[in-house]
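Asks: Contents are mmCIF, C-alpha atoms; file name upload_31.cif:
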data_data
loop_
_atom_site.label_atom_id
_atom_site.label_comp_id
_atom_site.auth_asym_id
_atom_site.auth_seq_id
_atom_site.Cartn_x
_atom_site.Cartn_y
_atom_site.Cartn_z
CA MET A 1 -52.20 -47.45 1.76
CA ILE A 2 -50.84 -44.61 3.92
CA ILE A 3 -47.34 -46.05 3.53
CA LEU A 4 -47.72 -46.10 -0.24
CA LEU A 5 -49.01 -42.52 -0.23
CA LEU A 6 -46.15 -41.30 1.98
CA ARG A 7 -43.66 -43.08 -0.24
CA LEU A 8 -45.12 -41.43 -3.33
CA VAL A 9 -45.06 -37.99 -1.71
CA LEU A 10 -41.47 -38.36 -0.53
CA SER A 11 -40.32 -39.72 -3.86
CA GLY A 12 -42.17 -36.95 -5.70
CA VAL A 13 -40.60 -34.25 -3.56
CA PHE A 14 -37.06 -35.41 -4.35
CA ILE A 15 -37.76 -35.95 -8.05
CA TYR A 16 -39.19 -32.43 -8.18
CA ALA A 17 -36.18 -31.02 -6.33
CA GLY A 18 -33.81 -32.75 -8.75
CA ILE A 19 -35.64 -31.65 -11.90
CA ILE A 20 -35.96 -28.04 -10.74
CA LYS A 21 -32.20 -27.92 -10.18
CA LEU A 22 -31.46 -29.52 -13.55
CA LEU A 23 -33.61 -26.92 -15.29
CA ASP A 24 -31.45 -24.10 -13.94
CA LEU A 25 -27.99 -25.52 -13.36
CA PRO A 26 -26.17 -22.15 -13.32
CA GLN A 27 -28.48 -20.91 -10.54
CA PHE A 28 -27.97 -24.09 -8.54
CA GLU A 29 -24.21 -23.78 -8.94
CA GLN A 30 -24.46 -20.22 -7.67
CA ASN A 31 -26.51 -21.46 -4.69
CA ILE A 32 -23.71 -23.90 -3.83
CA LEU A 33 -21.07 -21.19 -4.25
CA ASN A 34 -23.01 -18.91 -1.90
CA TYR A 35 -22.32 -21.32 0.95
CA GLN A 36 -18.60 -20.52 0.50
CA LEU A 37 -17.63 -24.07 1.34
CA LEU A 38 -16.39 -25.20 -2.07
CA ALA A 39 -14.31 -23.69 -4.83
CA GLU A 40 -15.86 -23.03 -8.22
CA THR A 41 -14.89 -26.24 -10.01
CA PRO A 42 -16.09 -28.61 -7.23
CA SER A 43 -19.28 -26.54 -7.00
CA TYR A 44 -19.83 -26.95 -10.74
CA LEU A 45 -19.33 -30.72 -10.52
CA LEU A 46 -21.60 -30.97 -7.49
CA SER A 47 -24.30 -28.94 -9.25
CA LEU A 48 -24.29 -31.55 -12.02
CA TYR A 49 -24.18 -34.54 -9.67
CA LEU A 50 -26.62 -33.68 -6.87
CA PRO A 51 -29.81 -33.34 -8.96
CA TRP A 52 -29.24 -36.73 -10.59
CA LEU A 53 -28.44 -38.26 -7.20
CA GLU A 54 -31.74 -36.97 -5.82
CA ILE A 55 -33.66 -38.29 -8.83
CA THR A 56 -31.93 -41.69 -8.73
CA LEU A 57 -32.50 -42.08 -4.98
CA SER A 58 -36.14 -41.09 -5.19
CA ILE A 59 -36.78 -43.60 -8.00
CA CYS A 60 -34.93 -46.32 -6.04
CA LEU A 61 -36.98 -45.46 -2.96
CA LYS A 62 -39.94 -46.97 -4.77
CA THR A 63 -38.16 -50.17 -5.75
CA ARG A 64 -38.10 -53.04 -3.31
CA SER A 65 -34.51 -54.16 -3.88
CA TYR A 66 -32.84 -50.73 -3.59
CA ARG A 67 -35.07 -49.19 -0.94
CA ARG A 68 -32.81 -49.69 2.07
CA GLU A 69 -29.69 -48.35 0.39
CA ALA A 70 -31.59 -45.42 -1.11
CA SER A 71 -33.07 -44.60 2.31
CA LEU A 72 -29.63 -44.67 3.92
CA PHE A 73 -28.27 -42.37 1.23
CA LEU A 74 -31.18 -39.96 1.46
CA VAL A 75 -30.82 -39.60 5.22
CA GLY A 76 -27.09 -39.01 4.73
CA LEU A 77 -27.78 -36.45 2.02
CA LEU A 78 -30.31 -34.59 4.17
CA THR A 79 -27.82 -34.59 7.06
CA VAL A 80 -25.13 -33.09 4.81
CA PHE A 81 -27.60 -30.44 3.59
CA SER A 82 -28.46 -29.57 7.18
CA LEU A 83 -24.78 -29.35 8.16
CA GLY A 84 -24.25 -26.96 5.24
CA LEU A 85 -27.15 -24.82 6.45
CA ILE A 86 -25.84 -24.80 10.03
CA SER A 87 -22.39 -23.85 8.77
CA ALA A 88 -23.79 -20.91 6.78
CA TRP A 89 -25.96 -19.86 9.72
CA VAL A 90 -23.02 -19.92 12.14
CA ARG A 91 -20.90 -17.84 9.75
CA GLY A 92 -23.70 -15.29 9.43
CA LEU A 93 -24.15 -15.84 5.69
CA ASN A 94 -27.42 -14.84 4.15
CA VAL A 95 -27.86 -17.66 1.67
CA GLU A 96 -30.91 -19.27 0.17
CA CYS A 97 -31.17 -23.01 0.75
CA GLY A 98 -31.31 -23.76 -2.99
CA CYS A 99 -33.11 -26.99 -2.16
CA PHE A 100 -35.91 -26.39 -4.64
CA GLY A 101 -34.22 -23.87 -6.89
CA GLU A 102 -36.13 -20.64 -7.19
CA SER A 103 -39.50 -22.39 -7.47
CA LEU A 104 -40.43 -22.22 -3.78
CA PRO A 105 -40.02 -19.42 -1.27
CA ASP A 106 -37.05 -19.76 1.04
CA PHE A 107 -37.97 -21.22 4.43
CA GLY A 108 -35.01 -19.70 6.22
CA TYR A 109 -32.39 -21.67 8.11
CA ALA A 110 -34.62 -23.02 10.87
CA GLY A 111 -37.48 -23.84 8.51
CA SER A 112 -35.19 -25.66 6.07
CA MET A 113 -33.62 -27.70 8.85
CA ILE A 114 -36.99 -28.66 10.31
CA ARG A 115 -38.09 -29.70 6.82
CA ASN A 116 -34.91 -31.80 6.38
CA LEU A 117 -35.48 -33.43 9.77
CA ALA A 118 -39.09 -34.22 8.88
CA PHE A 119 -38.02 -35.78 5.57
CA SER A 120 -35.29 -37.79 7.32
CA LEU A 121 -37.78 -39.16 9.84
CA MET A 122 -40.17 -40.05 7.03
CA VAL A 123 -37.41 -41.88 5.13
CA ILE A 124 -36.34 -43.80 8.26
CA TYR A 125 -39.95 -44.68 9.07
CA LEU A 126 -40.72 -45.85 5.53
CA ALA A 127 -37.52 -47.89 5.28
CA ARG A 128 -38.93 -50.25 7.88
CA PHE A 129 -41.73 -51.39 5.59
CA LYS A 130 -41.25 -53.76 2.66
CA MET B 131 -43.19 -69.14 7.71
CA GLU B 132 -41.15 -65.96 7.97
CA GLY B 133 -38.65 -67.70 10.21
CA GLY B 134 -38.33 -70.48 7.69
CA ARG B 135 -37.63 -68.06 4.83
CA SER B 136 -35.13 -66.14 6.91
CA GLY B 137 -33.40 -69.36 7.88
CA ALA B 138 -33.19 -70.43 4.25
CA ARG B 139 -31.53 -67.13 3.32
CA VAL B 140 -28.96 -67.42 6.08
CA THR B 141 -28.15 -70.99 5.02
CA HIS B 142 -27.80 -69.88 1.42
CA ASN B 143 -25.51 -67.04 2.40
CA LEU B 144 -23.41 -69.22 4.65
CA SER B 145 -23.08 -71.85 1.95
CA HIS B 146 -21.35 -69.21 -0.18
CA GLY B 147 -19.23 -68.01 2.72
CA GLN B 148 -20.95 -64.60 2.74
CA VAL B 149 -21.87 -62.37 5.63
CA ASN B 150 -25.54 -61.45 5.74
CA ALA B 151 -24.74 -57.73 5.44
CA PRO B 152 -27.62 -55.30 6.01
CA TYR B 153 -26.66 -53.19 3.00
CA SER B 154 -25.38 -54.34 -0.35
CA LEU B 155 -22.14 -52.66 -1.41
CA ARG B 156 -22.97 -53.40 -5.03
CA ARG B 157 -26.25 -51.51 -4.77
CA ILE B 158 -24.60 -48.62 -2.96
CA ALA B 159 -21.97 -48.46 -5.71
CA ILE B 160 -24.70 -48.39 -8.35
CA LEU B 161 -26.46 -45.56 -6.50
CA VAL B 162 -23.21 -43.57 -6.51
CA ILE B 163 -22.12 -44.32 -10.06
CA ALA B 164 -25.46 -44.01 -11.90
CA PRO B 165 -25.93 -40.27 -11.07
CA ALA B 166 -22.26 -39.67 -11.92
CA CYS B 167 -22.82 -41.11 -15.41
CA LEU B 168 -25.96 -39.01 -15.87
CA ALA B 169 -24.11 -35.91 -14.63
CA THR B 170 -21.33 -36.56 -17.16
CA LEU B 171 -23.91 -36.82 -19.94
CA THR B 172 -25.54 -33.61 -18.75
CA SER B 173 -22.24 -31.76 -18.84
CA LEU B 174 -21.84 -32.84 -22.47
CA ILE B 175 -25.36 -31.79 -23.44
CA VAL B 176 -25.65 -28.47 -21.59
CA SER B 177 -24.56 -25.67 -23.86
CA LYS B 178 -21.26 -24.18 -22.74
CA PRO B 179 -19.96 -21.17 -24.62
CA ASP B 180 -16.41 -22.33 -23.90
CA GLY B 181 -15.40 -21.89 -27.51
CA ARG B 182 -15.90 -18.15 -27.14
CA LYS B 183 -12.91 -17.66 -24.87
CA ILE B 184 -10.88 -14.67 -25.83
CA SER B 185 -7.28 -13.82 -25.04
CA ILE B 186 -6.47 -10.73 -23.00
CA GLU B 187 -4.74 -9.12 -26.00
CA ASP B 188 -7.76 -9.64 -28.27
CA ALA B 189 -10.13 -8.49 -25.55
CA LEU B 190 -8.24 -5.26 -24.97
CA GLY B 191 -8.19 -4.77 -28.75
CA TYR B 192 -11.97 -4.24 -28.77
CA SER B 193 -12.72 -0.55 -28.88
CA ASN B 194 -16.40 -0.70 -28.04
CA ALA B 195 -16.87 -3.84 -25.95
CA LEU B 196 -19.00 -3.93 -22.84
CA TRP B 197 -17.12 -5.55 -19.97
CA ILE B 198 -18.84 -7.62 -17.30
CA ASP B 199 -17.26 -8.42 -13.95
CA ALA B 200 -18.82 -11.70 -12.74
CA ARG B 201 -16.85 -11.87 -9.48
CA SER B 202 -18.39 -11.26 -6.07
CA ALA B 203 -19.72 -7.81 -5.17
CA GLU B 204 -16.90 -7.42 -2.61
CA ASP B 205 -14.20 -8.11 -5.21
CA PHE B 206 -15.89 -5.77 -7.67
CA GLU B 207 -16.01 -2.99 -5.08
CA LYS B 208 -12.32 -3.40 -4.32
CA ASN B 209 -11.23 -3.09 -7.92
CA HIS B 210 -12.48 -3.83 -11.41
CA HIS B 211 -11.71 -3.24 -15.07
CA GLU B 212 -12.43 0.29 -16.16
CA GLY B 213 -16.03 0.63 -17.33
CA ALA B 214 -16.97 -2.91 -16.30
CA ILE B 215 -20.48 -3.64 -15.05
CA HIS B 216 -21.01 -5.99 -12.13
CA LEU B 217 -23.24 -8.92 -13.09
CA ASN B 218 -23.44 -12.40 -11.61
CA LEU B 219 -26.14 -14.82 -10.58
CA SER B 220 -26.36 -13.60 -6.97
CA ASN B 221 -28.36 -10.54 -7.97
CA TRP B 222 -29.28 -11.50 -11.51
CA ASP B 223 -32.84 -10.18 -11.56
CA ARG B 224 -31.76 -6.75 -10.30
CA GLN B 225 -28.57 -6.43 -12.33
CA LEU B 226 -29.74 -7.76 -15.69
CA PRO B 227 -31.98 -4.74 -16.50
CA GLU B 228 -29.05 -2.44 -15.61
CA PHE B 229 -26.86 -4.38 -18.03
CA LEU B 230 -29.48 -4.37 -20.81
CA ALA B 231 -29.92 -0.60 -20.40
CA GLN B 232 -26.23 -0.12 -21.21
CA TRP B 233 -25.80 -2.80 -23.85
CA GLU B 234 -26.26 -1.83 -27.49
CA LEU B 235 -27.44 -4.41 -30.00
CA ASP B 236 -24.51 -6.40 -31.48
CA GLN B 237 -22.06 -4.79 -29.06
CA ALA B 238 -19.44 -7.35 -28.03
CA VAL B 239 -19.63 -8.45 -24.40
CA ILE B 240 -16.50 -9.59 -22.56
CA ILE B 241 -17.07 -11.43 -19.28
CA TYR B 242 -14.45 -12.16 -16.69
CA CYS B 243 -14.28 -13.70 -13.23
CA GLY B 244 -11.39 -14.29 -10.84
CA SER B 245 -9.16 -16.60 -12.85
CA ASP B 246 -9.31 -19.27 -15.51
CA ASP B 247 -10.58 -21.80 -12.96
CA CYS B 248 -13.70 -19.92 -11.94
CA GLN B 249 -17.11 -20.71 -13.36
CA SER B 250 -19.11 -17.54 -12.75
CA SER B 251 -18.19 -15.95 -16.10
CA LEU B 252 -19.39 -19.13 -17.77
CA GLN B 253 -22.64 -19.04 -15.82
CA VAL B 254 -23.25 -15.44 -16.82
CA ALA B 255 -22.40 -16.26 -20.45
CA ILE B 256 -24.91 -19.12 -20.50
CA ARG B 257 -27.63 -16.88 -19.07
CA LEU B 258 -26.87 -14.00 -21.43
CA GLN B 259 -26.82 -16.42 -24.36
CA GLU B 260 -30.29 -17.58 -23.34
CA ALA B 261 -31.37 -13.94 -23.16
CA GLY B 262 -30.23 -13.45 -26.75
CA VAL B 263 -27.16 -11.35 -26.02
CA SER B 264 -24.45 -11.79 -28.67
CA PRO B 265 -21.52 -11.80 -29.37
CA LEU B 266 -20.25 -13.08 -26.01
CA HIS B 267 -16.66 -13.69 -25.01
CA ILE B 268 -15.19 -15.14 -21.84
CA LEU B 269 -11.85 -13.63 -20.91
CA HIS B 270 -9.12 -16.26 -20.77
CA GLY B 271 -7.30 -15.89 -17.47
CA GLY B 272 -9.98 -13.60 -16.01
CA TRP B 273 -9.10 -10.92 -13.48
CA GLU B 274 -5.63 -12.46 -12.95
CA ALA B 275 -4.78 -11.86 -16.63
CA LEU B 276 -5.98 -8.26 -16.39
CA GLN B 277 -3.83 -7.73 -13.32
CA ARG B 278 -0.79 -9.20 -15.06
CA ILE B 279 -1.28 -6.89 -18.02
CA LYS B 280 -1.54 -3.94 -15.67
CA ALA B 281 1.66 -5.00 -13.96
CA ASN B 282 3.33 -5.29 -17.42
CA LYS B 283 3.87 -8.96 -16.95
CA THR B 284 3.28 -11.74 -19.46
CA PRO B 285 -0.37 -12.84 -19.53
CA LEU B 286 -1.28 -16.37 -18.61
CA PRO B 287 -0.68 -18.85 -21.45
#
Take the structure in this file and express it as structure tokens.

Replies:
Amino acid sequence: MIILLLRLVLSGVFIYAGIIKLLDLPQFEQNILNYQLLAETPSYLLSLYLPWLEITLSICLKTRSYRREASLFLVGLLTVFSLGLISAWVRGLNVECGCFGESLPDFGYAGSMIRNLAFSLMVIYLARFK
Amino acid sequence: MEGGRSGARVTHNLSHGQVNAPYSLRRIAILVIAPACLATLTSLIVSKPDGRKISIEDALGYSNALWIDARSAEDFEKNHHEGAIHLNLSNWDRQLPEFLAQWELDQAVIIYCGSDDCQSSLQVAIRLQEAGVSPLHILHGGWEALQRIKANKTPLP
């Protein structure tokens, strides 16, 4: 029961994150650009791809056959997000995470990374159960 | 029971000469490709005022257009087109009222960013379109085209 609840929460969080980004694609693209890691065209393509990736993975997280692959992907995605945050932090950039669009207050670098770590641990933990 | 099922799966896999891989490449490929297809569809659906691109000659021909510089604040501070207002998504909420205070109804708006490859002028155009600002034009060639004109060189094709 707890496993099912955790799975629903985790899946819901990523679906929400994906939808929020899709609803304001120009803002999400700007969030990516603010990291100063990618040029404008790759940022535009990534802003179209990432929200759908999050939604697809979170739906697959609830299916039995795709769960392991989706979990692996999600952990990888969260790691990449965290590396992006660390990179911005090290370079002294003052960027918003952009993880949930403008719908939630920014948690700051440390807060966002702790959140990503917590989600990663949840995904790894839940991947063990069928 | 579990051991029996597991054993049956291994036998089945071996009978087809397969390795009992922990992750399926086919599933991973589907997880990569499915969002890419949806992203492609999204790019086709999302309104893009690309058809409103304007050449540098036509843009400079406007006598009463309001120019928007959608580049970074640093680039704007260094240099910008005469009379241009700085507006991009970094400080949208603060800069939009400043823009609206200067914009007159039906006044043409010409938006530019760094070059023809950049997307920020497009982003600003989409947002302004949603806010009901019209007519909107995106400068073909962006800041590079303006610089070329200033240097009396041929504008970008």

Asks: When you get a sec, could you note down which chain B residues fall within 6 Å of chain A, using all atoms listed in the file, as a JSON list (two decimals) with C-alpha atoms, in the coordinates of the input?

Replies:
[["chain", "number", "residue", "atom", "x", "y", "z"],
["B", 165, "PRO", "CA", -25.93, -40.27, -11.07],
["B", 166, "ALA", "CA", -22.26, -39.67, -11.92],
["B", 169, "ALA", "CA", -24.11, -35.91, -14.63],
["B", 248, "CYS", "CA", -13.70, -19.92, -11.94],
["B", 249, "GLN", "CA", -17.11, -20.71, -13.36],
["B", 253, "GLN", "CA", -22.64, -19.04, -15.82]]

Asks: One number please: atom CA of A:Arg7 to atom CA of B:Leu155, in Å, one decimal.

Replies: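 Taking atom CA of A:Arg7 as the start and atom CA of B:Leu155 as the end point, the length is 23.6 Å.
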
Asks: With 5 Å of padding per side, what axis-aligned box (centre and edge lengths, Å, one decimal) covers all the listed atoms of stretch 40-48 of chain A? Give it as JSON.

Replies:
{"center_x": -19.6, "center_y": -27.3, "center_z": -9.5, "size_x": 19.4, "size_y": 18.5, "size_z": 15.0}

Asks: Which residue out of A:Ile124, A:Cys99, A:Ile2, A:Leu117 has the minimum interatomic distance to A:Phe14 when all atoms listed in the file are used?

Replies: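 The closest residue to A:Phe14 is A:Cys99.
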
Asks: When distances are computed from only C-alpha atoms, which of B:Leu219, B:Pro152, B:Ile256, B:Trp197 shows the smallest separation from B:Gly272?

Replies: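 Answer, going by the shortest atom-to-atom distance: B:Trp197.
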
Asks: Enumerate, as a list of chain:residue names, the residues matched when the PyMOL selection byres ((chain A and resi 108-111) around 8) is run on the file above.

Replies: A:Leu85, A:Ile86, A:Trp89, A:Glu96, A:Cys97, A:Asp106, A:Phe107, A:Ser112, A:Met113, A:Ile114, A:Arg115

Asks: Let's have the selection written as a CSV table (one decimal), in the frame of the given file, with C-alpha atoms.

Replies:
chain,number,residue,atom,x,y,z
A,85,LEU,CA,-27.2,-24.8,6.4
A,86,ILE,CA,-25.8,-24.8,10.0
A,89,TRP,CA,-26.0,-19.9,9.7
A,96,GLU,CA,-30.9,-19.3,0.2
A,97,CYS,CA,-31.2,-23.0,0.8
A,106,ASP,CA,-37.0,-19.8,1.0
A,107,PHE,CA,-38.0,-21.2,4.4
A,112,SER,CA,-35.2,-25.7,6.1
A,113,MET,CA,-33.6,-27.7,8.8
A,114,ILE,CA,-37.0,-28.7,10.3
A,115,ARG,CA,-38.1,-29.7,6.8

Asks: Env of B:His211: 9 Å cut, atoms = all atoms listed in the file, seq-sep filter 3 positions within chain, self excluded. Answer as a ChimeraX atom specification.

Replies: /B:197-199,206,214-215,273,276

Asks: When you draw a straight line from atom CA of A:Gln36 to atom CA of A:Thr79, how long is it in Å?

Replies: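 Separation of atom CA of A:Gln36 and atom CA of A:Thr79: 18.1 Å.
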
Asks: Excluding B:His270 and residues on its chain fewer than 2 positions from it, collect all residues at most 6 Å away from it, counting all atoms listed in the file, and give them as a PyMOL selection string.

Replies: chain B and resi 183-185+272

Asks: What does the distance from atom CA of B:Thr172 to atom CA of B:Pro265 come to in Å, to one decimal?

Replies: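 Spanning atom CA of B:Thr172 to atom CA of B:Pro265 is a straight-line distance of 24.6 Å.
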